[in-house]
Every structure is written in structure tokens, then in C-alpha cells.
Amino acid sequence: MRAFAVGGTAALLSVGLFLALWGSPPDAYQGEYVRIMYVHVPAAVSAYGAAAVAFGAGALYLWRRDRRWDFVGRAGAELAALFSGLTLLTGMLWGKPVWGVWWAWDARLVTTAVLFLLYVGCLLVRDLADDPERGRRLSAAVAVLAFLDVPVVHYSVVWFRTLHQGPSISLQGVKLAPEFLLPLAVNAVAYLALLSVLLAERARLASLEGER
Amino acid sequence: MSPWAWVLTAYGCAALLVGVYAWRLWRRLRQVSRARLGEGET
Amino acid sequence: MKRLRLAAAVLLVVGSLGYVVAGGLREAVVYYVTPTELQSRTLDPRRPVRVGGQVVPGSLRREGGALRFVLSDGQARLPVRFAGSVEGLLVEGQGAVVEGRLGPDGTLEARSVVVKHSEEYTPPRSPLPPAERNAP
């Protein structure tokens, strides 16, 4: 079962990479830089997913005090930090050549940086308390609160006037030509599969170590 | 830098970040399961 | 010792969080104003402004080492002069956010020009995308 999940994820990621680098045409305006989107957007989606897992597990831990929820919560927080960090990094590597700047103080970028820092903080507070149980509760509480930032990140480009472009895919329609939509969809699915495998393995490690 | 250099840098960063995380996770999992096995034998 | 390092790390994260939130509150709520809003506003000419809009097609040209173009939001138009070189992909018909001071003749003397990309993605109609045709 595990080998199947890992193998399937690797296959999906390979197909995604092939579509992103060879299958997709360049964009009419930004040219080849559009290929960075196929890492940036799936990474952001994975960060949302990991944040949702950390939120659910954190809430359940605070309610039930079952250590297993803490293991899942820790995995979720770690991967939310990893993928939001990757989102920021790939965003900057796209922003520098296309916008002309690495960073701008716009609402999308700021709220994403806040998301990353909240999950780094969530992982740190766990070890700060003298009593491990208090550390776990503190971490779960931060994970629950940090999730409130996810809708703010997502709708920041609608609610505020930003340098970052608005949503290309929303209820109002899809502004991506099908040539771009297919590689993006395959990569999003592949990254979510990768996220699931990493979540399961990280939670398993936490339970094996019985860590605090 | 050429457009492709930026693209490949972004993919390289992603592979490095996720790769290091996954590799460390795998190594620690193997260590822990070995330690478990060792305990079982003694 | 471990606790000290941990406390320093938490302090660093909380500090960066404060820094980012403060920067966001200062600038991110309204990242730029439109040319129409700029007209209807009485501005202190000494204060820099950040204006965003579309680069009017046909307006982009180089003049004596400076870049000139007109920024529009569909209603008002704002002429812009920029002495530096643009690092992003400035293309006519696409967005840009410029920062600078308004001159007495109504031209914005830009200190920086940042390209704003649209959320639309289309394959190129011509063999070379403008991004590569305009490459310096």
C-alpha cells in the first residue's frame, strides 16, 4: 500500500514535470516564465491543504487530547511551513524577472509571509513550554488560529488592490487557456499526492518516536 | 539570466527543499524502525 | 542553553511577524492608486505616490535615455517618465505600477517601474512572445 502510494506519487510528479517543461507552450506575454506557475500554484494549494490538516488535527487534539491528533497536527504544521516557504521562494524567483522586483508589500505577499511565519512559530512554541502537554496544546492552538489566515491569503487579491494578479481560476470563470490548465491541474494533483504521502509518513515517524 | 535559467532555478529550489525534507524523513523513519527491531531482539 | 536558543528563535519569528504585518498595514491595504484617483486628489508634490494602470498601447518609447509611456485606467491618463532601466517585462497593453513624484507639467517622474502581470494566460499568436521580443 505504501509502495503503491509512493510509486503513484512519483509517477504523477514525473508526468507533471514533463507537462510543465515540455507539454506547456510559453505564455503570450511572460514567455517561458509561465512554467514557474506549475510549481508555485501547486505549492500554494499544498500549503492550504497542510494548513487545513493542522487546523483539524489541532482542534481535535484540543477537544479530545488524543496524542494521535498531535502527531497529525505536527505533520500538518511542518508541511504547511515547507510548502508556504516554497510558495514564497518560487514567487520571488518569478517576481524578479517578470515584475522586476523580488518582493512587494502587497496584501497577497504579506499574508503569505504571515502564513509561513505562523507555522514556523507553531513548530517552535511546542518545545518552548516546560510541560510537554502544555507545549502540545499551545502548538495546537496556534495551528487553529493560523488557519484563519488561509482565506485571507486566498481572497487578498480580491479584497485588496494588489500587485499580484487576481485569481485565474474562480467562480467567475477560468482565465487560463486549456494548454496551461492541463499541466497546472496535473501538477496540483501530483503535489497533493506528495503532500498526503509526506503527511502520513511524518505522522508515522512522530508516533514511532512518541515525540513531544 | 535567461528565462529558462530562472525556470530551472525555481524547479531546482523546489526539488532541493522537498527532496531534503523527504530524505531526512526517510532516514529518521529507518533509524527508528531499526531501533524498534533492535529492542525486539534483545 | 537550549531554551535560550529556542526563545531567541521564537523572538525572531514574532519579530519578523510584527515587521511583515506592520509593512503590510502601512502599504498593502492600498498598494497603488489609479490615475483617476490621482486626479481627484490634492497631492503634496513632495510626497511620492504609487500609481497603477495599463500601459497605453503605442505610448511606450525611449527619449534621450529616458523611458516614456502613458498609464491609464480606462478613464484618466497619466504620462510617466523613467530614467532608469526596467527590470521586469514591460509590455504595452499590460499593467504597471510606478512610484515617483508628480512633476509640475503633470508627468510622473518615476523612481521605480514594476510590471503588473494579468491573470490571463494565452499561448502566443506570433512565434516569439513579446517577453523575448522586448528583451534588452
# chains A, B, ... in the order shown; residues from 1 in each chain; ligands from 1
call {"tool": "interface_residues", "arguments": {"of": "chain B", "to": "chain C", "cutoff": "12 Å", "atoms": "only C-alpha atoms", "output": "list in words"}}
result
Met1, Ser2, Pro3 and Trp4 of chain B
call {"tool": "interface_residues", "arguments": {"of": "chain A", "to": "chain B", "cutoff": "8 Å", "atoms": "only C-alpha atoms", "output": "list of chain:residue names"}}
result
A:Gly31, A:Glu32, A:Tyr33, A:Arg35, A:Ile36, A:Val39, A:Leu82, A:Leu86, A:Leu89, A:Thr90, A:Leu93, A:Trp94, A:Pro97, A:Leu198, A:Glu201, A:Arg202, A:Leu205, A:Leu208, A:Glu209
call {"tool": "write_last_selection", "arguments": {"atoms": "C-alpha atoms", "output": "mmCIF file, in the first residue's frame"}}
result
data_model
loop_
_atom_site.group_PDB
_atom_site.id
_atom_site.type_symbol
_atom_site.label_atom_id
_atom_site.label_comp_id
_atom_site.auth_asym_id
_atom_site.auth_seq_id
_atom_site.Cartn_x
_atom_site.Cartn_y
_atom_site.Cartn_z
ATOM 1 C CA GLY A 31 7.079 33.643 -22.247
ATOM 2 C CA GLU A 32 8.822 30.738 -20.514
ATOM 3 C CA TYR A 33 8.372 32.245 -17.034
ATOM 4 C CA ARG A 35 6.452 27.431 -16.191
ATOM 5 C CA ILE A 36 7.267 28.693 -12.694
ATOM 6 C CA VAL A 39 5.404 24.792 -9.035
ATOM 7 C CA LEU A 82 7.514 23.803 3.971
ATOM 8 C CA LEU A 86 8.283 27.038 -1.285
ATOM 9 C CA LEU A 89 10.543 31.214 -2.840
ATOM 10 C CA THR A 90 9.130 30.336 -6.275
ATOM 11 C CA LEU A 93 12.000 33.719 -8.468
ATOM 12 C CA TRP A 94 9.104 34.637 -10.776
ATOM 13 C CA PRO A 97 12.267 38.667 -13.833
ATOM 14 C CA LEU A 198 4.615 13.194 3.385
ATOM 15 C CA GLU A 201 4.984 9.359 6.843
ATOM 16 C CA ARG A 202 5.690 12.354 9.089
ATOM 17 C CA LEU A 205 7.507 8.999 12.441
ATOM 18 C CA LEU A 208 7.085 5.890 16.374
ATOM 19 C CA GLU A 209 9.260 8.387 18.202
#
call {"tool": "closest_atom_pairs", "arguments": {"of": "chain C", "to": "chain A", "cutoff": "9 Å", "atoms": "only C-alpha atoms", "output": "CSV"}}
result
residue,atom,partner,partner_atom,distance
C:Arg3,CA,A:Leu128,CA,7.0
C:Leu6,CA,A:Leu128,CA,6.7
C:Ala7,CA,A:Leu128,CA,7.2
C:Ala9,CA,A:Leu124,CA,7.6
C:Val10,CA,A:Gly121,CA,6.4
C:Val13,CA,A:Leu117,CA,6.2
C:Val14,CA,A:Gly121,CA,7.5
C:Ser16,CA,A:Leu117,CA,7.6
C:Leu17,CA,A:Val114,CA,6.1
C:Val20,CA,A:Val110,CA,6.3
C:Val21,CA,A:Val110,CA,7.1
C:Gly23,CA,A:Trp105,CA,6.6
C:Gly24,CA,A:Val110,CA,5.8
C:Leu25,CA,A:Ala107,CA,8.7
C:Arg26,CA,A:Trp105,CA,8.6
C:Glu27,CA,A:Trp105,CA,6.0
C:Ala28,CA,A:Asp106,CA,4.3
C:Val29,CA,A:Phe160,CA,5.9
C:Val30,CA,A:Arg161,CA,5.6
C:Tyr31,CA,A:Thr162,CA,5.6
C:Tyr32,CA,A:Arg161,CA,7.1
C:Val33,CA,A:Arg161,CA,8.7
C:Gly52,CA,A:Leu163,CA,8.6
C:Val86,CA,A:Gly100,CA,7.0
C:Glu87,CA,A:Gly100,CA,4.5
C:Gly88,CA,A:Gly100,CA,3.7
C:Leu89,CA,A:Val98,CA,5.2
C:Leu90,CA,A:Trp99,CA,8.3
C:Val91,CA,A:Tyr29,CA,7.7
C:Gln94,CA,A:Tyr29,CA,8.5
C:Ala96,CA,A:Trp99,CA,8.5
C:Val97,CA,A:Leu163,CA,7.6
C:Val113,CA,A:Gly100,CA,7.9
C:Val114,CA,A:Trp99,CA,5.3
C:Val115,CA,A:Trp99,CA,4.4
C:Lys116,CA,A:Leu163,CA,5.8
C:His117,CA,A:Gln165,CA,6.0
C:Ser118,CA,A:Gln165,CA,5.5
C:Glu119,CA,A:Ser168,CA,5.1
C:Glu120,CA,A:Lys175,CA,4.9
C:Tyr121,CA,A:Leu176,CA,4.8
C:Thr122,CA,A:Ala177,CA,5.4
C:Pro123,CA,A:Asp27,CA,4.9
C:Pro124,CA,A:Ala28,CA,3.9
C:Arg125,CA,A:Ala28,CA,7.1
C:Ser126,CA,A:Ala28,CA,8.3
C:Leu128,CA,A:Ala28,CA,8.2
C:Pro129,CA,A:Ala28,CA,5.0
C:Pro130,CA,A:Tyr29,CA,5.7
C:Ala131,CA,A:Gln30,CA,5.4
C:Glu132,CA,A:Gly31,CA,7.1
call {"tool": "atom_distance", "arguments": {"atom1": "atom CA of C:Gly65", "atom2": "atom CA of C:Ser112"}}
result
15.2 Å
call {"tool": "atom_distance", "arguments": {"atom1": "atom CA of B:Gln31", "atom2": "atom CA of A:Gly76"}}
result
22.0 Å
call {"tool": "select_by_dssp", "arguments": {"residues": "stretch 80-110 of chain C", "states": "strand (DSSP E or B)", "output": "VMD selection string"}}
result
chain C and resid 80 to 82 95 to 102 108 to 110
call {"tool": "select_by_dssp", "arguments": {"residues": "chain A", "states": "alpha helix (DSSP H)", "output": "PyMOL selection string"}}
result
chain A and resi 2-18+37-64+67-98+107-125+132-146+149-159+178-209
call {"tool": "residues_around", "arguments": {"residues": "stretch 44-46 of chain A", "least_positions_apart": "4", "cutoff": "10 Å", "atoms": "only C-alpha atoms", "output": "PyMOL selection string"}}
result
chain A and resi 39-40+50-52+79-80+82-88+91+112+153-154+188-196
call {"tool": "atom_distance", "arguments": {"atom1": "atom CA of C:Glu99", "atom2": "atom CA of C:Gly15"}}
result
28.0 Å
